[in-house]
>>> print(open('final-v3.cif').read())   # mmCIF, C-alpha atoms
data_upload
loop_
_atom_site.group_PDB
_atom_site.id
_atom_site.type_symbol
_atom_site.label_atom_id
_atom_site.label_comp_id
_atom_site.auth_asym_id
_atom_site.auth_seq_id
_atom_site.Cartn_x
_atom_site.Cartn_y
_atom_site.Cartn_z
ATOM 1 C CA MET P 1 -54.673 147.470 -71.716
ATOM 2 C CA VAL P 2 -55.039 145.960 -68.232
ATOM 3 C CA ARG P 3 -51.867 147.682 -67.079
ATOM 4 C CA ARG P 4 -53.135 151.012 -68.348
ATOM 5 C CA ARG P 5 -56.417 150.622 -66.445
ATOM 6 C CA LEU P 6 -54.524 149.592 -63.335
ATOM 7 C CA ALA P 7 -52.248 152.642 -63.625
ATOM 8 C CA VAL P 8 -55.249 154.953 -64.093
ATOM 9 C CA ALA P 9 -56.983 153.398 -61.070
ATOM 10 C CA VAL P 10 -53.870 153.822 -58.887
ATOM 11 C CA VAL P 11 -53.494 157.463 -59.958
ATOM 12 C CA ALA P 12 -57.213 158.056 -59.326
ATOM 13 C CA LEU P 13 -56.872 156.640 -55.804
ATOM 14 C CA LEU P 14 -53.640 158.448 -54.904
ATOM 15 C CA LEU P 15 -54.659 161.867 -56.252
ATOM 16 C CA PRO P 16 -57.323 162.574 -53.582
ATOM 17 C CA ALA P 17 -55.004 161.292 -50.851
ATOM 18 C CA THR P 18 -52.272 163.664 -52.069
ATOM 19 C CA ALA P 19 -54.762 166.527 -52.173
ATOM 20 C CA VAL P 20 -55.843 165.845 -48.580
ATOM 21 C CA PHE P 21 -52.211 165.595 -47.455
ATOM 22 C CA ALA P 22 -51.445 168.918 -49.156
ATOM 23 C CA GLN P 23 -54.318 170.600 -47.284
ATOM 24 C CA THR P 24 -52.959 169.901 -43.826
ATOM 25 C CA SER P 25 -51.112 172.379 -41.664
ATOM 26 C CA SER P 26 -49.346 172.486 -38.332
ATOM 27 C CA VAL P 27 -50.495 173.687 -34.940
ATOM 28 C CA GLY P 28 -47.969 174.570 -32.290
ATOM 29 C CA GLY P 29 -47.581 176.694 -29.240
ATOM 30 C CA ARG P 30 -45.831 177.466 -26.016
ATOM 31 C CA VAL P 31 -47.086 176.757 -22.483
ATOM 32 C CA VAL P 32 -46.305 179.341 -19.786
ATOM 33 C CA ASN P 33 -47.552 180.038 -16.272
ATOM 34 C CA ALA P 34 -49.277 183.247 -15.123
ATOM 35 C CA GLN P 35 -45.923 184.981 -14.498
ATOM 36 C CA GLY P 36 -44.546 184.032 -17.928
ATOM 37 C CA GLY P 37 -42.358 181.157 -16.731
ATOM 38 C CA VAL P 38 -42.043 178.092 -18.935
ATOM 39 C CA VAL P 39 -44.131 175.005 -18.098
ATOM 40 C CA SER P 40 -42.396 171.858 -19.325
ATOM 41 C CA ASN P 41 -43.937 168.371 -19.575
ATOM 42 C CA ALA P 42 -47.438 169.766 -20.034
ATOM 43 C CA GLU P 43 -49.757 167.457 -21.983
ATOM 44 C CA ALA P 44 -51.491 169.140 -24.923
ATOM 45 C CA THR P 45 -54.426 167.293 -26.523
ATOM 46 C CA LEU P 46 -55.948 168.286 -29.853
ATOM 47 C CA ARG P 47 -59.512 166.947 -30.158
ATOM 48 C CA LEU P 48 -61.639 167.221 -33.315
ATOM 49 C CA VAL P 49 -65.073 168.782 -32.744
ATOM 50 C CA PRO P 50 -67.814 166.931 -34.657
ATOM 51 C CA PRO P 51 -69.613 169.097 -37.239
ATOM 52 C CA PRO P 52 -73.057 170.455 -36.258
ATOM 53 C CA GLY P 53 -75.805 167.869 -36.665
ATOM 54 C CA ALA P 54 -73.362 164.945 -36.624
ATOM 55 C CA ALA P 55 -73.800 162.219 -34.040
ATOM 56 C CA PRO P 56 -71.367 162.703 -31.162
ATOM 57 C CA MET P 57 -68.455 160.308 -31.059
ATOM 58 C CA PRO P 58 -68.617 157.803 -28.198
ATOM 59 C CA ASN P 59 -66.008 158.419 -25.557
ATOM 60 C CA MET P 60 -64.076 155.170 -25.991
ATOM 61 C CA PRO P 61 -60.366 155.871 -26.386
ATOM 62 C CA ASN P 62 -58.185 153.144 -27.885
ATOM 63 C CA MET P 63 -61.229 151.175 -29.030
ATOM 64 C CA PRO P 64 -60.364 149.084 -32.116
ATOM 65 C CA GLY P 65 -62.112 150.290 -35.248
ATOM 66 C CA MET P 66 -62.808 153.766 -33.843
ATOM 67 C CA PRO P 67 -61.270 156.681 -35.733
ATOM 68 C CA GLY P 68 -58.524 158.344 -33.734
ATOM 69 C CA THR P 69 -59.499 161.992 -33.489
ATOM 70 C CA ASP P 70 -57.432 162.880 -30.415
ATOM 71 C CA ARG P 71 -53.757 163.712 -30.742
ATOM 72 C CA THR P 72 -51.451 164.331 -27.797
ATOM 73 C CA ALA P 73 -48.099 166.096 -27.511
ATOM 74 C CA THR P 74 -45.898 166.900 -24.511
ATOM 75 C CA SER P 75 -44.277 170.299 -24.093
ATOM 76 C CA SER P 76 -40.492 170.353 -24.166
ATOM 77 C CA THR P 77 -38.163 172.043 -21.678
ATOM 78 C CA ASP P 78 -38.827 175.411 -23.323
ATOM 79 C CA GLY P 79 -42.612 174.869 -23.115
ATOM 80 C CA ALA P 80 -43.084 174.294 -26.850
ATOM 81 C CA PHE P 81 -45.421 171.694 -28.356
ATOM 82 C CA SER P 82 -46.497 170.995 -31.937
ATOM 83 C CA PHE P 83 -48.855 168.898 -34.029
ATOM 84 C CA ALA P 84 -47.944 168.213 -37.675
ATOM 85 C CA GLN P 85 -50.321 167.365 -40.537
ATOM 86 C CA VAL P 86 -53.518 168.631 -38.922
ATOM 87 C CA ALA P 87 -56.523 168.605 -41.253
ATOM 88 C CA PRO P 88 -58.606 171.798 -41.448
ATOM 89 C CA GLY P 89 -61.568 171.983 -39.090
ATOM 90 C CA GLN P 90 -62.754 172.882 -35.601
ATOM 91 C CA TYR P 91 -60.673 171.540 -32.713
ATOM 92 C CA VAL P 92 -60.478 171.866 -28.940
ATOM 93 C CA LEU P 93 -56.986 172.266 -27.508
ATOM 94 C CA GLN P 94 -56.669 171.108 -23.886
ATOM 95 C CA VAL P 95 -53.468 171.600 -21.932
ATOM 96 C CA ASP P 96 -52.876 169.857 -18.592
ATOM 97 C CA ALA P 97 -49.905 170.146 -16.244
ATOM 98 C CA PRO P 98 -49.458 169.040 -12.631
ATOM 99 C CA GLY P 99 -50.180 171.879 -10.207
ATOM 100 C CA PHE P 100 -52.075 173.944 -12.781
ATOM 101 C CA GLU P 101 -55.694 174.285 -13.857
ATOM 102 C CA ARG P 102 -56.655 172.785 -17.225
ATOM 103 C CA SER P 103 -56.643 175.203 -20.134
ATOM 104 C CA SER P 104 -59.200 174.542 -22.850
ATOM 105 C CA GLN P 105 -59.767 176.604 -25.976
ATOM 106 C CA GLU P 106 -61.536 176.076 -29.279
ATOM 107 C CA ILE P 107 -59.437 176.727 -32.380
ATOM 108 C CA THR P 108 -60.118 176.719 -36.097
ATOM 109 C CA VAL P 109 -57.407 175.112 -38.185
ATOM 110 C CA SER P 110 -57.057 176.283 -41.766
ATOM 111 C CA ASN P 111 -54.333 175.697 -44.344
ATOM 112 C CA GLN P 112 -52.026 178.123 -42.511
ATOM 113 C CA ALA P 113 -49.701 177.109 -39.681
ATOM 114 C CA GLN P 114 -50.838 178.351 -36.267
ATOM 115 C CA THR P 115 -48.818 179.240 -33.206
ATOM 116 C CA LEU P 116 -50.677 179.601 -29.918
ATOM 117 C CA ALA P 117 -49.727 180.898 -26.495
ATOM 118 C CA VAL P 118 -51.260 178.933 -23.622
ATOM 119 C CA THR P 119 -51.180 180.439 -20.134
ATOM 120 C CA LEU P 120 -51.853 178.113 -17.199
ATOM 121 C CA GLN P 121 -53.150 179.334 -13.842
ATOM 122 C CA PRO P 122 -51.842 177.708 -10.639
ATOM 123 C CA LEU P 123 -54.213 175.245 -9.033
ATOM 124 C CA GLU P 124 -55.451 176.493 -5.665
ATOM 125 C CA ILE P 125 -56.210 173.693 -3.209
ATOM 126 C CA PRO P 126 -57.741 174.799 0.104
ATOM 127 C CA GLY P 127 -55.535 173.886 3.041
ATOM 128 C CA ALA P 128 -52.509 173.073 0.894
ATOM 129 C CA GLU P 129 -49.256 174.989 0.858
ATOM 130 C CA SER P 130 -49.067 177.622 -1.856
ATOM 131 C CA THR P 131 -46.945 176.609 -4.810
ATOM 132 C CA VAL P 132 -43.989 178.641 -5.943
ATOM 133 C CA SER P 133 -44.981 179.932 -9.353
ATOM 134 C CA SER P 134 -42.303 182.278 -10.588
ATOM 135 C CA ALA P 135 -39.361 180.919 -12.541
ATOM 136 C CA ALA P 136 -36.863 183.021 -10.542
ATOM 137 C CA ALA P 137 -38.054 181.611 -7.209
ATOM 138 C CA THR P 138 -37.796 177.997 -8.398
ATOM 139 C CA THR P 139 -34.132 178.455 -9.291
ATOM 140 C CA ASP P 140 -33.179 180.026 -5.950
ATOM 141 C CA THR P 141 -30.957 177.247 -4.640
ATOM 142 C CA ALA P 142 -30.426 178.828 -1.234
ATOM 143 C CA ALA P 143 -34.162 178.807 -0.532
ATOM 144 C CA LEU P 144 -34.410 175.204 -1.716
ATOM 145 C CA LEU P 145 -31.503 174.135 0.493
ATOM 146 C CA ASP P 146 -33.098 175.856 3.501
ATOM 147 C CA ARG P 147 -36.374 174.092 2.776
ATOM 148 C CA ILE P 148 -34.584 170.718 2.543
ATOM 149 C CA LYS P 149 -32.839 171.417 5.866
ATOM 150 C CA VAL P 150 -36.171 172.187 7.567
ATOM 151 C CA LEU P 151 -37.763 169.021 6.162
ATOM 152 C CA GLU P 152 -34.820 166.862 7.249
ATOM 153 C CA GLN P 153 -35.079 168.324 10.773
ATOM 154 C CA ARG P 154 -38.791 167.483 10.860
ATOM 155 C CA ILE P 155 -38.016 163.891 9.821
ATOM 156 C CA ASN P 156 -35.341 163.604 12.530
ATOM 157 C CA ASP P 157 -37.781 164.939 15.143
ATOM 158 C CA LEU P 158 -40.389 162.407 14.082
ATOM 159 C CA GLU P 159 -37.898 159.550 14.196
ATOM 160 C CA SER P 160 -36.611 160.500 17.659
ATOM 161 C CA SER P 161 -40.074 160.898 19.168
ATOM 162 C CA THR P 162 -41.478 157.705 17.735
ATOM 163 C CA VAL P 163 -41.760 154.882 20.222
ATOM 164 C CA LEU P 164 -41.180 151.460 18.816
ATOM 165 C CA SER P 165 -42.470 148.600 20.875
ATOM 166 C CA GLU P 166 -42.757 144.890 20.504
ATOM 167 C CA PRO P 167 -45.979 143.104 21.246
ATOM 168 C CA GLU P 168 -46.262 142.118 24.898
ATOM 169 C CA THR P 169 -46.411 138.421 25.599
ATOM 170 C CA ARG P 170 -48.698 137.468 28.489
ATOM 171 C CA VAL P 171 -48.594 134.019 29.987
ATOM 172 C CA LYS P 172 -51.831 132.617 31.258
ATOM 173 C CA ARG P 173 -51.471 130.421 34.283
ATOM 174 C CA ILE P 174 -53.417 127.189 34.153
ATOM 175 C CA GLU P 175 -53.724 124.975 37.186
ATOM 176 C CA VAL P 176 -54.369 121.309 36.687
ATOM 177 C CA TYR P 177 -55.725 119.201 39.525
ATOM 178 C CA VAL P 178 -55.257 115.460 39.510
ATOM 179 C CA ASP P 179 -57.668 113.321 41.405
ATOM 180 C CA GLN P 180 -55.883 110.558 43.313
ATOM 181 C CA ASN P 181 -58.776 108.107 43.060
#
>>> encode(input="final-v3.cif", output="structure tokens")
Amino acid sequence: MVRRRLAVAVVALLLPATAVFAQTSSVGGRVVNAQGGVVSNAEATLRLVPPPGAAPMPNMPNMPGMPGTDRTATSSTDGAFSFAQVAPGQYVLQVDAPGFERSSQEITVSNQAQTLAVTLQPLEIPGAESTVSSAAATTDTAALLDRIKVLEQRINDLESSTVLSEPETRVKRIEVYVDQN
């Protein structure tokens, strides 16, 4: 009798967990730049949006006892990223990559798998050199070799015009008078 009750209790506890697991889906996508070139090693973060009227979650990542609502994935060499077993709801997808502006979009996850296309715009910094943004230009080895040659020449010029000096040692003359008396 006790075993039967225990078995019924275990089934009653596992059934809702199985139902929740069955209601998850996947969210994936591909990160590209404005010209359509692949952006690898971009960090995609999927953040759950609290339902309307709910108290906002405190911004304390990695705090013990806090529910982990943020999930992070890194795009592969072909720009693809994915999140498995995402529960239905409202989420914000943020994608960050060095040299690009942050992309942020709100998505609704249902029971269907979603595939998103994320386009990143180059980050414009006043006074900085413009970044090469097309995939064809980044693979042009001749241009890269010319750039390396120019930079090496600049380093050589700096090294040859730099004056290295040692600190100067100055001796102070002290005269000592001895009284004969």
>>> residues_around(input="final-v3.cif", residues="region 35-47 of chain P", least_positions_apart="4", cutoff="8 Å", atoms="only C-alpha atoms", output="PyMOL selection string")
chain P and resi 31+69-81+91-98+119+133-135
>>> closest_residue(input="final-v3.cif", among="P:Gln23, P:Gln112, P:Asn33, P:Thr162", to="Phe100 (chain P)", atoms="only C-alpha atoms")
P:Asn33
>>> atom_distance(input="final-v3.cif", atom1="CA of Val27 (chain P)", atom2="CA of Val49 (chain P)")
15.5 Å
>>> resolve_selection(input="final-v3.cif", expression="the PyMOL selection byres ((chain P and resi 107) around 7)", output="VMD selection string")
chain P and resid 90 to 92 105 to 106 108 to 109
>>> closest_residue(input="final-v3.cif", among="P:Ile148, P:Glu159, P:Ser26, P:Pro122", to="Ala84 (chain P)", atoms="only C-alpha atoms")
P:Ser26
>>> axis_aligned_box(input="final-v3.cif", around="region 157-163 of chain P", padding_each_side="4 Å", output="lines of an AutoDock Vina configuration file")
center_x = -39.2
center_y = 159.9
center_z = 17.2
size_x = 13.1
size_y = 18.1
size_z = 14.1
>>> closest_residue(input="final-v3.cif", among="P:Ala117, P:Val163, P:Leu158, P:Val86", to="Thr24 (chain P)", atoms="all atoms listed in the file")
P:Val86
